[in-house]
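*Asks:* Here it is, the structure in full.
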2 protein chains.
Amino acid sequence: MLKVKIAGLGHYLPEHVVSSAELEAEYGLEAGWIARTTRIYARHRALDETTVQMACYAAQDALAAAGMAVHDVDLIIAAASGRQQAIPCTAAFIQRELGAPDGASACFDLDATCLSFIFGLQTAAHLVAAGTYRAALVVSSEITRRSLNPQEPHSAVLFGDAAAAAVLVPTPPNETAQLVCEQFATYSSGADLTTILGGGTLHHPNDPATSPTMNTFSMQGTGVYKKAARLVKPFMEQFFTRANWSRADVDVVVPHQASGHALDLLVARYGFTPGQVVRNLAERGNCVGASIPLAFSEAVANGRIRRGQRVLLIGTGAGLTLGAIGLVF
Amino acid sequence: MLKVKIAGLGHYLPEHVVSSAELEAEYGLEAGWIARTTRIYARHRALDETTVQMACYAAQDALAAAGMAVHDVDLIIAAASGRQQAIPCTAAFIQRELGAPDGASACFDLDATCLSFIFGLQTAAHLVAAGTYRAALVVSSEITRRSLNPQEPHSAVLFGDAAAAAVLVPTPPNETAQLVCEQFATYSSGADLTTILGGGTLHHPNDPATSPTMNTFSMQGTGVYKKAARLVKPFMEQFFTRANWSRADVDVVVPHQASGHALDLLVARYGFTPGQVVRNLAERGNCVGASIPLAFSEAVANGRIRRGQRVLLIGTGAGLTLGAIGLVF
């Protein structure tokens with residue numbers, strides 16, 4: 001148990017919205033196919049915004065919710081699958097674009113694809129609880145457009161763009177906020193199920209053998225679903241034992257919005273009621289690393305999650321990794 | 001102070017060595033120019049090895065030094081500027097290639113360019129000290145070849161390839177190992193001094209406007225040197241105050257091997273004796289994120305650093321970020 005508090009959450013959605021009907025026309029899919037198979041009706045797409053700009057809009061929203069200023073923050077973690085550029089880290093650009101004081105915060109990036117935010121939350125929580133930093137900003141900003149493969153419409157239609165952020169501080173005296181339990185496990189037997197082959201040393205952008213398709217996302221959706229469905233139940237049993245929580249103790253579940261099927265599993269197979277589970281998939285799509293904090297931030301903004309409630313953040317990410325954080329908000 | 005111990009360090013150097021004379025011929029530079037201006041005589045270059053293979057050779061070396069097996073590790077952090085591919089994280093591939101048990105460790109990547117390893121060490125130390133993980137593997141593996149710009153020989157000649165790793169465990173009873181002090185500060189006013197513009201959402205590999213040069217490293221060397229020279233002294237004063245150490249208390253300084261000039265500064269301006277400072281630059285070059293752990297691992301392997309000694313890991317990275325960790329080995 002760590003005595004840390006999410007002092008504020010914030011998010012940003014790019015202005016442009018793409019409907020599933022538009023994508024069906026673009027990719028030559030039967031009308032209604034996307035909503036029927038994925039339950040996604042629309043998603044936001046960044047056309048003019050940059051990764052860093054979106055991150056800063058979300059961070060400003062989180063700081064405002066916390067009643068804090070940029071100079072209060074001394075740790076910035078950009079926790080996302082997508083970065084602005086290869087060098088330097090995205091977090092440094094966020095410090096600059098926010099107008100945060102030069103030299104007053106430490107900046108690094110953390111990547112575990114769709115679980116980047118909750119891994120970042122774990123790291124930030126430990127560093128803040130230990131007193132190493134006073135206040136941490138964890139930001140996930142994702143722009144997917146150029147990484148989608150139109151030849152693989154079943155994955156290309158899933159993704160949306162968004163940014164979301166959280167500010168972490170030590171829990172003030174007499175408040176109940178805490179991080180109760182964290183659990184992560186990577187099953188690298190599934191490492192090839194979800195990939196972008198390019199973007200690194202193996203298929204460098206300047207390697208003539210690197211094809212444009214290698215720079216796009218590819219997912220064996222059925223393989224991921226089957227593997228996750230098999231692994232999630234024992235993973236969650238272990239989590240609830242360690243957290244000393246029952247399913248009924250959880251006020252709100254904020255899952256990674258991977259797909260309609262993945263969200264249905266939480267209800268059908270793992271015993272949560274539909275009322276416990278936050279869903280924003282229909283109008284947001286899968287926002288990669290920003291998915292969990294976006295759903296969390298929206299649920300707090302619309303009053304669905306209130307102070308003192310027990311919240312379970314849970315998801316799967318490429319790797320294949322399972323992750324869960326239980327907290328008192 | 002954190003009661004954690006670096007149970008073992010390890011490293012791997014690619015077989016192929018490129019001399020400065022060879023590079024002078026390749027880039028059309030005057031004979032002797034590289035050694036005279038950078039003090040680098042040779043560097044290793046990965047021709048056949050992959051980022052993940054090199055990481056695993058270093059990790060196996062570190063595990064052997066620790067007397068541990070892959071199944072002892074439950075956290076793997078790939079802490080480097082370079083990754084194998086964009087999705088999934090490099091750490092997941094390291095888990096698989098090491099033959100570590102599926103699902104028995106959590107994997108993510110961390111990036112702060114040349115300071116990736118010491119940021120990773122900080123995170124791993126807190127997570128292990130808190131008991132969240134039993135043993136953490138922090139690995140930095142860097143392959144720079146395709147990211148070098150032959151039109152910018154003053155930076156292209158600096159870099160070498162290497163991998164290095166550390167295994168962290170809770171300090172056993174009656175041992176003195178500990179992490180004494182950590183300090184990081186990012187000065188994003190210097191974010192544009194050291195860049196690879198490509199490799200992210202701003203200049204995506206599939207964007208027709210992205211040029212090959214954008215995918216290569218660019219550094220305003222004089223600007224970095226001047227900025228770092230101005231910032232390092234107050235940064236170190238603050239570090240020594242917080243650590244309650246004097247310069248003479250430090251048995252061995254392991255600096256990032258950024259350049260000959262940067263290493264000279266530690267002696268000339270900051271009061272360390274030449275005997276305190278580990279230098280492997282001449283035969284290794286600047287190995288980016290692997291630079292600090294490689295110098296650390298080599299110094300332990302050759303007996304220069306012994307158990308119980310006070311070690312200062314220190315460096316600058318793109319961002320511009322300054323970082324230092326003081327520990328009892």
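By convention in this document, the chains of the structure tokens carry letters A, B, ... by their order, each chain's residues are numbered from 1, and ligands are numbered from 1 in the order they are shown.
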Using DSSP on the backbone coordinates, identify all residues within segment 156-289 of chain A classified as strand (DSSP E or B); present the result as number ranges by chain.
*Replies:* A: 159, 162-170, 178-186, 194-196, 218-219, 252-255, 277, 286
*Asks:* Show me, as a ChimeraX atom specification, the residues of chain B whose atoms get within 6 Å of chain A, using only C-alpha atoms for the distance check.
*Replies:* /B:83-89,92,96,102-103,105-112,184-188,195-202,205-206,212,318-319
*Asks:* From segment 126-254 of chain B, collect each residue whose DSSP state is helix (DSSP H, G or I) and return the set as number ranges by chain.
*Replies:* B: 126-129, 145-147, 153-156, 188-190, 212-215, 221-243, 247-249
*Asks:* Would you work out the distance separating atom CA of Glu283 of chain A from atom CA of Ala301 of chain A, expressed in Å to one decimal?
*Replies:*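 Here the two named atoms are 16.2 Å from each other.
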*Asks:* Please compute the atom CA of Gly315 of chain B-atom CA of Ala164 of chain B distance, one decimal, in Å.
*Replies:*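 Separation between atom CA of Gly315 of chain B and atom CA of Ala164 of chain B: 16.1 Å.
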*Asks:* Find the residues near segment 261-267 of chain A: any atom within 9 Å, counting only C-alpha atoms, skip ones fewer than 6 places away on the same chain, and give them as a JSON list (two decimals) with N, CA and C atoms, in the first residue's frame.
*Replies:*
```json
[["chain", "number", "residue", "atom", "x", "y", "z"],
["A", 37, "THR", "N", -18.74, -5.58, -35.53],
["A", 37, "THR", "CA", -17.65, -6.46, -35.08],
["A", 37, "THR", "C", -16.83, -5.84, -33.95],
["A", 38, "THR", "N", -16.78, -4.50, -33.84],
["A", 38, "THR", "CA", -15.91, -3.89, -32.82],
["A", 38, "THR", "C", -16.67, -3.07, -31.78],
["A", 39, "ARG", "N", -17.95, -2.73, -32.07],
["A", 39, "ARG", "CA", -18.75, -1.81, -31.23],
["A", 39, "ARG", "C", -18.20, -0.38, -31.23],
["A", 225, "TYR", "N", -6.87, -12.35, -28.31],
["A", 225, "TYR", "CA", -8.09, -12.54, -27.52],
["A", 225, "TYR", "C", -8.06, -13.88, -26.80],
["A", 228, "ALA", "N", -5.29, -13.86, -24.06],
["A", 228, "ALA", "CA", -5.69, -13.00, -22.93],
["A", 228, "ALA", "C", -6.83, -13.65, -22.14],
["A", 229, "ALA", "N", -7.80, -14.21, -22.87],
["A", 229, "ALA", "CA", -8.96, -14.81, -22.19],
["A", 229, "ALA", "C", -8.52, -15.95, -21.26],
["A", 255, "PRO", "N", -11.24, -0.44, -17.55],
["A", 255, "PRO", "CA", -10.40, -1.32, -18.35],
["A", 255, "PRO", "C", -9.80, -0.60, -19.55],
["A", 273, "THR", "N", -20.31, -6.68, -12.75],
["A", 273, "THR", "CA", -21.62, -6.30, -13.30],
["A", 273, "THR", "C", -21.39, -5.23, -14.36],
["A", 274, "PRO", "N", -22.28, -5.13, -15.35],
["A", 274, "PRO", "CA", -22.12, -4.08, -16.37],
["A", 274, "PRO", "C", -22.01, -2.70, -15.73],
["A", 276, "GLN", "N", -20.47, -1.85, -13.12],
["A", 276, "GLN", "CA", -19.14, -1.56, -12.54],
["A", 276, "GLN", "C", -18.14, -1.08, -13.59],
["A", 277, "VAL", "N", -18.38, -1.41, -14.85],
["A", 277, "VAL", "CA", -17.33, -1.28, -15.87],
["A", 277, "VAL", "C", -17.51, -0.02, -16.72],
["A", 279, "ARG", "N", -17.05, 2.10, -19.95],
["A", 279, "ARG", "CA", -16.87, 1.87, -21.38],
["A", 279, "ARG", "C", -16.93, 3.20, -22.11]]
```
*Asks:* Quick one: residues within 12 Å of Ala243 of chain B, only C-alpha atoms, excluding same-chain residues fewer than 6 positions away - as a list in words?
*Replies:*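 Selected residues are Met1, Leu179, Val180, Cys181, Glu182, Gln183, Met236, Glu237, Asp249, Val250, Arg310, Val311, Leu312, Ala324, Ile325, Gly326, Leu327 and Val328 of chain B.
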*Asks:* Export all heavy atoms of the chosen residues as a compact mmCIF listing (two decimals), in the first residue's frame?
*Replies:*
```
# COMPACT_ATOMS: atom_id res chain seq x y z
N MET B 1 17.81 6.87 1.27
CA MET B 1 18.66 5.67 1.20
C MET B 1 17.79 4.43 0.97
O MET B 1 16.79 4.24 1.65
CB MET B 1 19.45 5.55 2.51
CG MET B 1 20.55 4.55 2.48
SD MET B 1 19.99 2.87 2.89
CE MET B 1 19.67 3.06 4.65
N LEU B 179 21.64 2.26 -2.18
CA LEU B 179 21.56 3.39 -3.07
C LEU B 179 21.42 4.60 -2.15
O LEU B 179 20.44 4.71 -1.40
CB LEU B 179 20.36 3.22 -4.01
CG LEU B 179 20.33 4.13 -5.24
CD1 LEU B 179 19.58 3.45 -6.37
CD2 LEU B 179 19.67 5.44 -4.89
N VAL B 180 22.41 5.48 -2.18
CA VAL B 180 22.49 6.56 -1.20
C VAL B 180 21.71 7.79 -1.63
O VAL B 180 21.01 8.41 -0.82
CB VAL B 180 23.98 6.94 -0.96
CG1 VAL B 180 24.10 8.14 -0.02
CG2 VAL B 180 24.74 5.74 -0.41
N CYS B 181 21.83 8.16 -2.89
CA CYS B 181 21.22 9.42 -3.34
C CYS B 181 21.01 9.39 -4.84
O CYS B 181 21.84 8.88 -5.58
CB CYS B 181 22.14 10.58 -2.96
SG CYS B 181 21.43 12.22 -3.22
N GLU B 182 19.87 9.91 -5.27
CA GLU B 182 19.56 10.01 -6.71
C GLU B 182 19.15 11.44 -7.00
O GLU B 182 18.40 12.03 -6.22
CB GLU B 182 18.37 9.13 -7.08
CG GLU B 182 18.19 7.88 -6.28
CD GLU B 182 16.76 7.77 -5.71
OE1 GLU B 182 15.80 7.86 -6.50
OE2 GLU B 182 16.62 7.62 -4.49
N GLN B 183 19.57 11.96 -8.12
CA GLN B 183 19.18 13.32 -8.49
C GLN B 183 19.17 13.48 -10.01
O GLN B 183 20.13 13.11 -10.67
CB GLN B 183 20.15 14.32 -7.85
CG GLN B 183 19.75 15.78 -8.05
CD GLN B 183 20.67 16.70 -7.26
OE1 GLN B 183 20.77 16.64 -6.03
NE2 GLN B 183 21.36 17.57 -7.96
N MET B 236 26.01 19.33 -9.01
CA MET B 236 26.82 18.45 -8.17
C MET B 236 26.91 18.96 -6.74
O MET B 236 26.92 18.16 -5.80
CB MET B 236 28.20 18.25 -8.79
CG MET B 236 28.11 17.33 -10.01
SD MET B 236 29.68 17.13 -10.85
CE MET B 236 30.65 16.37 -9.57
N GLU B 237 26.98 20.29 -6.58
CA GLU B 237 26.99 20.84 -5.21
C GLU B 237 25.75 20.37 -4.46
O GLU B 237 25.81 19.92 -3.32
CB GLU B 237 27.01 22.37 -5.24
CG GLU B 237 28.18 23.03 -5.94
CD GLU B 237 29.50 22.80 -5.22
OE1 GLU B 237 29.50 22.29 -4.08
OE2 GLU B 237 30.55 23.11 -5.82
N ASP B 249 35.03 11.50 -0.50
CA ASP B 249 34.34 10.29 -0.04
C ASP B 249 34.08 9.31 -1.18
O ASP B 249 33.83 8.13 -0.94
CB ASP B 249 32.97 10.64 0.58
CG ASP B 249 33.11 11.31 1.94
OD1 ASP B 249 34.12 11.06 2.63
OD2 ASP B 249 32.19 12.08 2.31
N VAL B 250 34.09 9.82 -2.40
CA VAL B 250 33.75 8.98 -3.55
C VAL B 250 34.98 8.14 -3.93
O VAL B 250 36.04 8.69 -4.23
CB VAL B 250 33.31 9.84 -4.76
CG1 VAL B 250 33.01 8.96 -5.96
CG2 VAL B 250 32.11 10.69 -4.39
N ARG B 310 32.23 3.38 -2.40
CA ARG B 310 31.24 4.39 -2.77
C ARG B 310 31.44 4.78 -4.24
O ARG B 310 32.54 5.22 -4.62
CB ARG B 310 31.35 5.61 -1.87
CG ARG B 310 30.58 5.44 -0.56
CD ARG B 310 31.01 6.43 0.46
NE ARG B 310 32.42 6.17 0.81
CZ ARG B 310 32.99 6.52 1.95
NH1 ARG B 310 32.28 7.14 2.86
NH2 ARG B 310 34.25 6.25 2.17
N VAL B 311 30.39 4.61 -5.01
CA VAL B 311 30.46 4.82 -6.46
C VAL B 311 29.49 5.93 -6.85
O VAL B 311 28.34 5.96 -6.39
CB VAL B 311 30.11 3.52 -7.21
CG1 VAL B 311 30.10 3.75 -8.73
CG2 VAL B 311 31.08 2.40 -6.84
N LEU B 312 29.96 6.84 -7.70
CA LEU B 312 29.10 7.90 -8.23
C LEU B 312 28.90 7.68 -9.72
O LEU B 312 29.87 7.72 -10.48
CB LEU B 312 29.75 9.28 -7.98
CG LEU B 312 29.07 10.48 -8.65
CD1 LEU B 312 27.65 10.68 -8.13
CD2 LEU B 312 29.90 11.74 -8.47
N ALA B 324 22.55 11.86 -11.56
CA ALA B 324 23.60 11.28 -10.72
C ALA B 324 22.97 10.31 -9.73
O ALA B 324 21.89 10.57 -9.18
CB ALA B 324 24.34 12.38 -9.97
N ILE B 325 23.63 9.19 -9.55
CA ILE B 325 23.25 8.25 -8.50
C ILE B 325 24.50 7.91 -7.70
O ILE B 325 25.54 7.55 -8.27
CB ILE B 325 22.61 6.97 -9.09
CG1 ILE B 325 21.21 7.27 -9.64
CG2 ILE B 325 22.55 5.85 -8.04
CD1 ILE B 325 20.46 6.07 -10.18
N GLY B 326 24.40 8.05 -6.38
CA GLY B 326 25.48 7.65 -5.49
C GLY B 326 25.08 6.37 -4.80
O GLY B 326 23.95 6.24 -4.32
N LEU B 327 26.00 5.39 -4.77
CA LEU B 327 25.65 4.10 -4.17
C LEU B 327 26.86 3.49 -3.48
O LEU B 327 28.01 3.84 -3.77
CB LEU B 327 25.08 3.15 -5.23
CG LEU B 327 25.92 2.86 -6.47
CD1 LEU B 327 26.89 1.69 -6.22
CD2 LEU B 327 25.00 2.51 -7.65
N VAL B 328 26.57 2.61 -2.55
CA VAL B 328 27.61 1.75 -1.98
C VAL B 328 27.47 0.41 -2.70
O VAL B 328 26.41 -0.20 -2.67
CB VAL B 328 27.44 1.59 -0.46
CG1 VAL B 328 28.49 0.61 0.09
CG2 VAL B 328 27.54 2.94 0.24
```
*Asks:* Can you tell me how far atom CA of Gln151 of chain B sits from atom CA of Ser291 of chain B, in Å to one decimal?
*Replies:*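 So the answer is 24.0 Å.
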*Asks:* Leaving out Gln257 of chain B and any residue of its chain fewer than 4 positions from it, which residues lie within 10 Å of it when counting only C-alpha atoms, given as a PyMOL selection string?
*Replies:* chain B and resi 114+158-159+261-263+278-282+284-288+290-292+294-295+314-316
*Asks:* So, with only C-alpha atoms as the atoms that count, which of A:Ser140, A:Val169, A:Ala80, A:Ala35 lies closest to Gly67 of chain A?
*Replies:* A:Val169
*Asks:* Return the single residue from B:Ala248, B:Leu13, B:Ala69, B:Met219 that is closest to Val157 of chain B, with distances computed using only C-alpha atoms.
*Replies:*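 With only C-alpha atoms as the atom set, the closest residue is B:Met219.
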*Asks:* For Ala59 of chain A, which of A:Val224, A:Ala165, A:Ala135, A:Leu121 is the closest residue, counting only C-alpha atoms?
*Replies:* A:Ala165
